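Have a look at target_0.tsv below; it lists TSV, C-alpha atoms.
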chain	number	residue	atom	x	y	z
A	1403	MET	CA	13.12	4.16	14.91
A	1404	THR	CA	15.36	7.18	14.39
A	1405	ALA	CA	14.63	9.06	11.21
A	1406	VAL	CA	17.52	10.04	8.98
A	1407	LYS	CA	18.39	13.72	9.07
A	1408	ALA	CA	20.08	15.77	6.39
A	1409	THR	CA	23.43	17.34	7.26
A	1410	PRO	CA	23.97	21.11	6.99
A	1411	THR	CA	25.94	20.56	3.75
A	1412	THR	CA	23.09	18.59	2.17
A	1413	PRO	CA	19.88	20.59	2.48
A	1414	PRO	CA	16.71	18.46	2.26
A	1415	PRO	CA	14.26	18.99	-0.59
A	1416	ARG	CA	11.56	21.58	-0.11
A	1417	LEU	CA	8.41	20.27	1.50
A	1418	PRO	CA	5.19	20.32	-0.52
A	1419	THR	CA	2.94	23.22	0.43
A	1420	ARG	CA	0.41	22.38	3.15
A	1421	THR	CA	-2.98	24.07	3.08
A	1422	LYS	CA	-6.17	23.87	5.09
A	1423	SER	CA	-7.85	22.06	2.21
A	1424	ASP	CA	-5.09	19.43	2.30
A	1425	ALA	CA	-5.84	18.79	5.96
A	1426	GLY	CA	-9.50	18.33	5.20
A	1427	GLU	CA	-8.76	15.86	2.44
A	1428	ARG	CA	-6.73	13.64	4.78
A	1429	GLY	CA	-9.96	12.38	6.28
A	1430	TRP	CA	-9.82	13.55	9.91
A	1431	GLY	CA	-12.96	12.81	11.86
A	1432	GLY	CA	-13.96	9.55	10.20
A	1433	VAL	CA	-12.90	6.88	7.76
A	1434	SER	CA	-15.84	4.84	6.44
A	1435	PRO	CA	-19.47	5.54	7.38
A	1436	MET	CA	-20.46	2.19	5.86
A	1437	LEU	CA	-17.97	0.35	8.07
A	1438	THR	CA	-19.28	2.18	11.14
A	1439	ARG	CA	-22.83	1.16	10.26
A	1440	LEU	CA	-21.81	-2.47	9.74
A	1441	ALA	CA	-20.12	-2.49	13.13
A	1442	ALA	CA	-23.25	-1.10	14.78
A	1443	GLU	CA	-25.45	-3.82	13.27
A	1444	LYS	CA	-22.88	-6.55	14.13
A	1445	ALA	CA	-22.73	-7.66	10.51
A	1446	THR	CA	-20.82	-10.68	9.19
A	1447	GLY	CA	-19.45	-10.63	5.66
A	1448	VAL	CA	-16.89	-8.85	3.49
A	1449	LEU	CA	-16.65	-5.14	2.70
A	1450	VAL	CA	-15.05	-4.64	-0.72
A	1451	ARG	CA	-13.50	-1.26	-1.49
A	1452	GLU	CA	-11.32	0.13	-4.26
A	1453	ARG	CA	-8.00	-0.96	-2.73
A	1454	GLY	CA	-8.93	-4.18	-0.95
A	1455	SER	CA	-11.39	-5.80	1.42
A	1456	LEU	CA	-12.26	-6.13	5.10
A	1457	HIS	CA	-13.81	-9.31	6.54
A	1458	LEU	CA	-16.16	-8.85	9.48
A	1459	VAL	CA	-17.62	-11.27	12.02
A	1460	ASP	CA	-20.30	-9.89	14.36
A	1461	GLY	CA	-19.31	-6.34	13.44
A	1462	ARG	CA	-15.59	-6.73	14.15
A	1463	VAL	CA	-12.79	-6.96	11.59
A	1464	VAL	CA	-11.11	-10.36	11.45
A	1465	HIS	CA	-9.07	-10.02	8.23
A	1466	ALA	CA	-7.98	-7.35	5.78
A	1467	GLU	CA	-6.52	-7.82	2.32
A	1468	SER	CA	-5.02	-5.38	-0.16
A	1469	PRO	CA	-2.83	-5.76	-3.26
A	1470	SER	CA	-0.63	-3.06	-1.72
A	1471	ALA	CA	0.18	-5.00	1.47
A	1472	PRO	CA	1.97	-8.33	2.03
A	1473	GLY	CA	-0.41	-11.03	3.21
A	1474	LEU	CA	-0.26	-13.18	6.32
A	1475	ASP	CA	1.34	-16.02	4.37
A	1476	LEU	CA	4.34	-13.90	3.38
A	1477	LEU	CA	4.83	-12.43	6.85
A	1478	LEU	CA	4.80	-15.93	8.37
A	1479	THR	CA	7.09	-17.59	5.85
A	1480	ALA	CA	9.55	-14.83	4.83
A	1481	HIS	CA	11.81	-15.14	7.86
A	1482	GLY	CA	11.35	-18.76	8.94
A	1483	THR	CA	8.45	-18.46	11.36
A	1484	LEU	CA	6.65	-21.07	9.25
A	1485	ARG	CA	7.81	-23.23	6.36
A	1486	THR	CA	6.25	-22.34	3.03
A	1487	GLU	CA	5.38	-26.00	2.45
A	1488	ALA	CA	3.47	-26.13	5.75
A	1489	TRP	CA	1.41	-23.07	4.82
A	1490	GLU	CA	0.60	-24.43	1.37
A	1491	ALA	CA	-0.43	-27.81	2.77
A	1492	ALA	CA	-2.72	-26.21	5.36
A	1493	ALA	CA	-4.27	-23.92	2.76
A	1494	LYS	CA	-5.04	-26.90	0.50
A	1495	ALA	CA	-6.58	-28.85	3.40
A	1496	THR	CA	-8.89	-25.99	4.44
A	1497	ASP	CA	-12.60	-26.74	4.19
A	1498	ASP	CA	-15.85	-25.43	5.65
A	1499	ARG	CA	-15.06	-26.91	9.08
A	1500	HIS	CA	-11.30	-26.44	9.32
A	1501	ALA	CA	-9.73	-23.01	8.88
A	1502	THR	CA	-6.12	-22.69	7.71
A	1503	THR	CA	-4.91	-21.10	10.93
A	1504	ARG	CA	-6.63	-23.76	13.08
A	1505	LEU	CA	-4.91	-26.54	11.13
A	1506	LEU	CA	-1.52	-24.91	11.67
A	1507	LEU	CA	-2.13	-24.43	15.40
A	1508	ASP	CA	-3.53	-27.92	15.97
A	1509	GLY	CA	-0.62	-29.46	14.08
A	1510	GLY	CA	1.92	-27.68	16.30
A	1511	LEU	CA	3.42	-25.94	13.27
A	1512	LEU	CA	2.79	-22.45	14.58
A	1513	SER	CA	2.57	-20.90	18.03
A	1514	PRO	CA	-0.51	-18.83	18.95
A	1515	GLY	CA	1.65	-15.82	19.78
A	1516	ALA	CA	3.50	-15.80	16.46
A	1517	LEU	CA	0.24	-16.22	14.56
A	1518	GLU	CA	-1.50	-13.39	16.40
A	1519	LEU	CA	1.44	-11.02	15.97
A	1520	CYS	CA	1.74	-11.62	12.23
A	1521	HIS	CA	-2.03	-11.62	11.76
A	1522	LEU	CA	-2.51	-8.24	13.43
A	1523	GLY	CA	0.42	-6.81	11.47
A	1524	ALA	CA	-1.09	-7.99	8.19
A	1525	LEU	CA	-4.57	-6.79	9.16
A	1526	TYR	CA	-3.58	-3.25	10.13
A	1527	ASP	CA	-1.25	-3.02	7.11
A	1528	ALA	CA	-3.93	-3.94	4.59
A	1529	ALA	CA	-6.62	-1.90	6.35
A	1530	TYR	CA	-4.50	1.23	5.94
A	1531	PHE	CA	-4.83	0.88	2.16
A	1532	VAL	CA	-8.42	-0.43	2.14
A	1533	LEU	CA	-9.61	2.59	4.13
A	1534	ALA	CA	-7.78	5.12	1.97
A	1535	PRO	CA	-9.95	7.81	0.34
A	1536	SER	CA	-11.70	6.25	-2.62
A	1537	SER	CA	-13.44	7.47	-5.76
A	1538	THR	CA	-15.77	4.46	-5.90
A	1539	PRO	CA	-18.38	3.30	-3.37
A	1540	GLY	CA	-17.79	0.18	-1.31
A	1541	ARG	CA	-20.10	-2.82	-1.32
A	1542	PHE	CA	-20.82	-5.38	1.38
A	1543	ARG	CA	-21.58	-9.06	0.85
A	1544	TYR	CA	-23.35	-10.56	3.84
A	1545	GLY	CA	-22.48	-14.01	5.15
A	1546	VAL	CA	-19.09	-14.38	3.44
A	1547	THR	CA	-16.43	-15.90	5.71
A	1548	HIS	CA	-12.66	-16.03	5.30
A	1549	PRO	CA	-10.87	-19.40	4.89
A	1550	LEU	CA	-8.13	-18.43	7.34
A	1551	GLY	CA	-10.60	-18.42	10.22
A	1552	THR	CA	-10.78	-15.94	13.08
A	1553	VAL	CA	-7.54	-15.20	14.95
A	1554	ARG	CA	-8.16	-12.01	16.92
A	1555	PRO	CA	-11.06	-9.72	15.94
A	1556	VAL	CA	-10.37	-5.98	15.94
A	1557	PRO	CA	-13.09	-3.43	16.83
A	1558	VAL	CA	-13.88	-1.05	13.98
A	1559	ALA	CA	-13.31	2.00	16.18
A	1560	ALA	CA	-9.79	0.79	17.05
A	1561	LEU	CA	-9.02	0.11	13.39
A	1562	GLU	CA	-10.17	3.58	12.33
A	1563	ARG	CA	-8.16	5.28	15.08
A	1564	GLU	CA	-5.01	3.41	14.07
A	1565	THR	CA	-5.57	4.19	10.39
A	1566	LEU	CA	-5.88	7.92	11.14
A	1567	ARG	CA	-2.83	7.80	13.42
A	1568	ARG	CA	-0.80	6.23	10.63
A	1569	ARG	CA	-1.95	8.80	8.09
A	1570	ASP	CA	-1.01	11.60	10.45
A	1571	LEU	CA	2.46	10.18	11.17
A	1572	LEU	CA	3.25	9.70	7.49
A	1573	HIS	CA	2.04	13.22	6.75
A	1574	ARG	CA	4.27	14.69	9.44
A	1575	VAL	CA	7.33	12.86	8.10
A	1576	TRP	CA	6.65	13.84	4.47
A	1577	PRO	CA	3.29	15.23	3.37
A	1578	ASP	CA	3.27	13.98	-0.23
A	1579	ALA	CA	1.54	10.58	-0.54
A	1580	ALA	CA	2.91	10.09	-4.07
A	1581	THR	CA	5.87	8.29	-2.52
A	1582	ASP	CA	3.58	5.46	-1.34
A	1583	GLY	CA	2.72	4.07	-4.75
A	1584	ALA	CA	5.11	5.50	-7.34
A	1585	PRO	CA	8.28	3.78	-8.62
A	1586	LEU	CA	11.20	5.10	-6.62
A	1587	VAL	CA	14.62	6.35	-7.75
A	1588	ARG	CA	17.75	7.05	-5.74
A	1589	ALA	CA	19.31	10.46	-5.40
A	1590	ASP	CA	23.07	11.02	-5.19
A	1591	PRO	CA	23.74	13.77	-2.67
A	1592	VAL	CA	27.29	14.99	-2.18
A	1593	ALA	CA	27.22	14.23	1.55
A	1594	PRO	CA	24.49	11.64	2.16
A	1595	PRO	CA	23.14	11.57	5.72
A	1596	PRO	CA	23.45	8.38	7.78
A	1597	VAL	CA	20.62	5.83	7.65
A	1598	THR	CA	19.50	3.04	9.92
A	1599	ALA	CA	19.98	-0.62	8.98
A	1600	ARG	CA	16.28	-0.91	8.12
A	1601	GLN	CA	16.42	2.15	5.89
A	1602	ALA	CA	19.61	0.91	4.23
A	1603	ALA	CA	17.85	-2.34	3.28
A	1604	VAL	CA	15.01	-0.33	1.74
A	1605	LEU	CA	17.43	1.99	-0.07
A	1606	ALA	CA	19.32	-0.98	-1.55
A	1607	ARG	CA	16.14	-2.11	-3.32
A	1608	VAL	CA	15.26	1.24	-4.87
A	1609	ASP	CA	15.80	0.63	-8.58
A	1610	GLY	CA	13.50	2.97	-10.47
A	1611	VAL	CA	10.90	0.24	-10.86
A	1612	ARG	CA	9.88	-0.93	-7.40
A	1613	THR	CA	7.31	0.93	-5.34
A	1614	ALA	CA	7.26	1.01	-1.54
A	1615	PRO	CA	4.82	-1.97	-1.38
A	1616	ASP	CA	7.07	-3.86	-3.82
A	1617	ILE	CA	10.04	-3.28	-1.55
A	1618	ALA	CA	8.04	-4.47	1.47
A	1619	ARG	CA	7.31	-7.74	-0.31
A	1620	ALA	CA	10.91	-8.16	-1.45
A	1621	LEU	CA	12.07	-7.76	2.16
A	1622	GLY	CA	9.23	-9.83	3.66
A	1623	ARG	CA	8.25	-6.86	5.81
A	1624	ARG	CA	4.99	-5.14	6.68
A	1625	ALA	CA	3.95	-2.40	4.28
A	1626	TYR	CA	3.36	0.50	6.68
A	1627	PRO	CA	6.83	0.56	8.30
A	1628	THR	CA	8.25	0.44	4.78
A	1629	LEU	CA	6.13	3.43	3.75
A	1630	LEU	CA	7.51	5.23	6.79
A	1631	ASP	CA	11.11	4.35	5.89
A	1632	VAL	CA	10.56	5.56	2.32
A	1633	ARG	CA	9.10	8.89	3.41
A	1634	ARG	CA	12.04	9.43	5.77
A	1635	LEU	CA	14.45	8.68	2.93
A	1636	VAL	CA	12.57	11.12	0.69
A	1637	SER	CA	12.66	13.76	3.43
A	1638	ALA	CA	16.43	13.28	3.70
A	1639	GLY	CA	16.89	13.75	-0.04
A	1640	LEU	CA	18.01	10.17	-0.70
A	1641	VAL	CA	14.98	8.93	-2.64
A	1642	SER	CA	12.28	10.47	-4.81
A	1643	PRO	CA	9.31	9.26	-6.88
A	1644	ARG	CA	10.34	8.55	-10.46
A	1645	PRO	CA	9.20	11.40	-12.74
A	1646	PRO	CA	6.38	10.35	-15.07
A	1647	THR	CA	7.43	9.43	-18.58
A	1648	PRO	CA	6.39	12.17	-21.03
A	1649	ALA	CA	3.56	11.03	-23.24
A	1650	ALA	CA	4.63	10.35	-26.80
A	1651	ALA	CA	3.45	12.98	-29.25
A	1652	THR	CA	0.74	11.65	-31.52
A	1653	LEU	CA	0.84	12.54	-35.19
A	1654	PRO	CA	-2.40	13.53	-36.89
A	1655	ASP	CA	-3.95	11.06	-39.25
A	1656	VAL	CA	-2.99	11.76	-42.85
A	1657	THR	CA	-5.55	10.94	-45.53
A	1658	ASP	CA	-5.05	10.36	-49.26
A	1659	PRO	CA	-6.38	13.84	-50.20
A	1660	ASP	CA	-3.84	15.35	-47.81
A	1661	ILE	CA	-1.03	13.46	-49.51
A	1662	THR	CA	-2.22	14.55	-52.94
A	1663	LEU	CA	-2.30	18.19	-51.84
A	1664	LEU	CA	1.21	17.95	-50.37
A	1665	LYS	CA	2.53	16.51	-53.63
A	1666	ARG	CA	0.96	19.35	-55.62
A	1667	LEU	CA	2.54	21.92	-53.30
A	1668	ARG	CA	5.91	20.22	-53.66
A	1669	ASP	CA	5.67	20.18	-57.46
A	1670	ALA	CA	4.66	23.84	-57.51
A	1671	LEU	CA	7.66	24.80	-55.37
A	1672	GLU	CA	10.03	22.82	-57.55
A	1673	ALA	CA	8.66	24.56	-60.68
A	1674	LEU	CA	9.53	28.02	-59.32
So that I can check it, write out the structure of this file as structure tokens.
Amino acid sequence: MTAVKATPTTPPPRLPTRTKSDAGERGWGGVSPMLTRLAAEKATGVLVRERGSLHLVDGRVVHAESPSAPGLDLLLTAHGTLRTEAWEAAAKATDDRHATTRLLLDGGLLSPGALELCHLGALYDAAYFVLAPSSTPGRFRYGVTHPLGTVRPVPVAALERETLRRRDLLHRVWPDAATDGAPLVRADPVAPPPVTARQAAVLARVDGVRTAPDIARALGRRAYPTLLDVRRLVSAGLVSPRPPTPAAATLPDVTDPDITLLKRLRDALEAL
């Protein structure tokens, strides 16, 4: 995809300052030591982290979920690949022996290729957020399986490499990650640069309330390409994170003795 570029008459905003400490904080050289250990021991279960979860079978990732990324159900149903009613019926019929995806495949409602493509897109999308730097430790629950069933397991090493590649690409487009989760507002440059059709669809949904993940859901698109579109729009000066609302000033508590003293001062001033 071609990134938008600012014209000479519309200079782009200044880039945030990059430092060596910033590069270190981006996580080069590793993502999750716990995940690496679980892969080595061929563990099966779910790794829960601050921004989502990863499901493993025999040490490989089979599903990823995050509140910041559209799920497999949305990616399948948003553009007609699968009817919403068919997904809901398969999800309700899922039990210990029949996974949701297997029911859809066996019923001829979904082709293996379409399922695998959407599944991998959802998995890598969610994993990008799950593996983000976290302030809380992760925890692993052994033996937990996912009701969707296994579609195509992904090796942990491949998932970590792709996560780091995505971080690096986003950083090179625009190095401030605040655009990934903040409400977005539109700018109004005098001579706006041209945008692609994909970027125009994203720009049309910037309303001061939606975040990049919100826009991805509204469009029925994967989260990461939407993050990339947003950073390119920010780099071109067309979009910016909404400034935080100033905190309301808090008045000190006033007690009865304070009121009495104020009245006495008022009376004394009036008597002068």
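Between Leu1507 of chain A and the candidates A:Leu1533, A:Leu1456, A:Val1553, A:Leu1477, the tightest atom-to-atom separation, counting all atoms listed in the file, involves A:Val1553.
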Per-residue nearest contacts of segment 1521-1614 of chain A to segment 1447-1452 of chain A (6 Å; all atoms listed in the file) as CSV:
residue,atom,partner,partner_atom,distance
A:Gly1540,CA,A:Arg1451,CA,4.5
A:Arg1541,CA,A:Val1450,CA,5.4
A:Phe1542,CA,A:Leu1449,CA,4.4
A:Arg1543,CA,A:Val1448,CA,5.4
A:Tyr1544,CA,A:Gly1447,CA,4.3
A:Gly1545,CA,A:Gly1447,CA,4.6
A:Val1546,CA,A:Gly1447,CA,4.4
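Here atom CA of Gly1639 of chain A is placed at a distance of 7.3 Å from atom CA of Pro1591 of chain A.
Here atom CA of Val1587 of chain A is placed at a distance of 9.4 Å from atom CA of Thr1613 of chain A.
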Interatomic distance, atom CA of Arg1612 of chain A to atom CA of Arg1485 of chain A (Å, one decimal) = 26.3 Å
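Closest approach to Arg1607 of chain A among A:Ala1534, A:Val1592, A:Val1641, A:Asp1582 is made by A:Val1641 (distances from only C-alpha atoms).
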Between A:Leu1605, A:Arg1588, A:Glu1490, A:Gly1610, which has the minimum distance to Leu1476 of chain A (counting only C-alpha atoms)?
-> A:Glu1490
Residue with the minimum atom-to-atom distance to Val1464 of chain A, picked from A:Glu1443, A:Asp1508, A:Asp1590, A:Glu1518 with all atoms listed in the file counted, is A:Glu1518
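Proximity of A:His1481, A:Val1558, A:Leu1571, A:Asp1609 to Arg1439 of chain A, computed with only C-alpha atoms, is greatest for A:Val1558.
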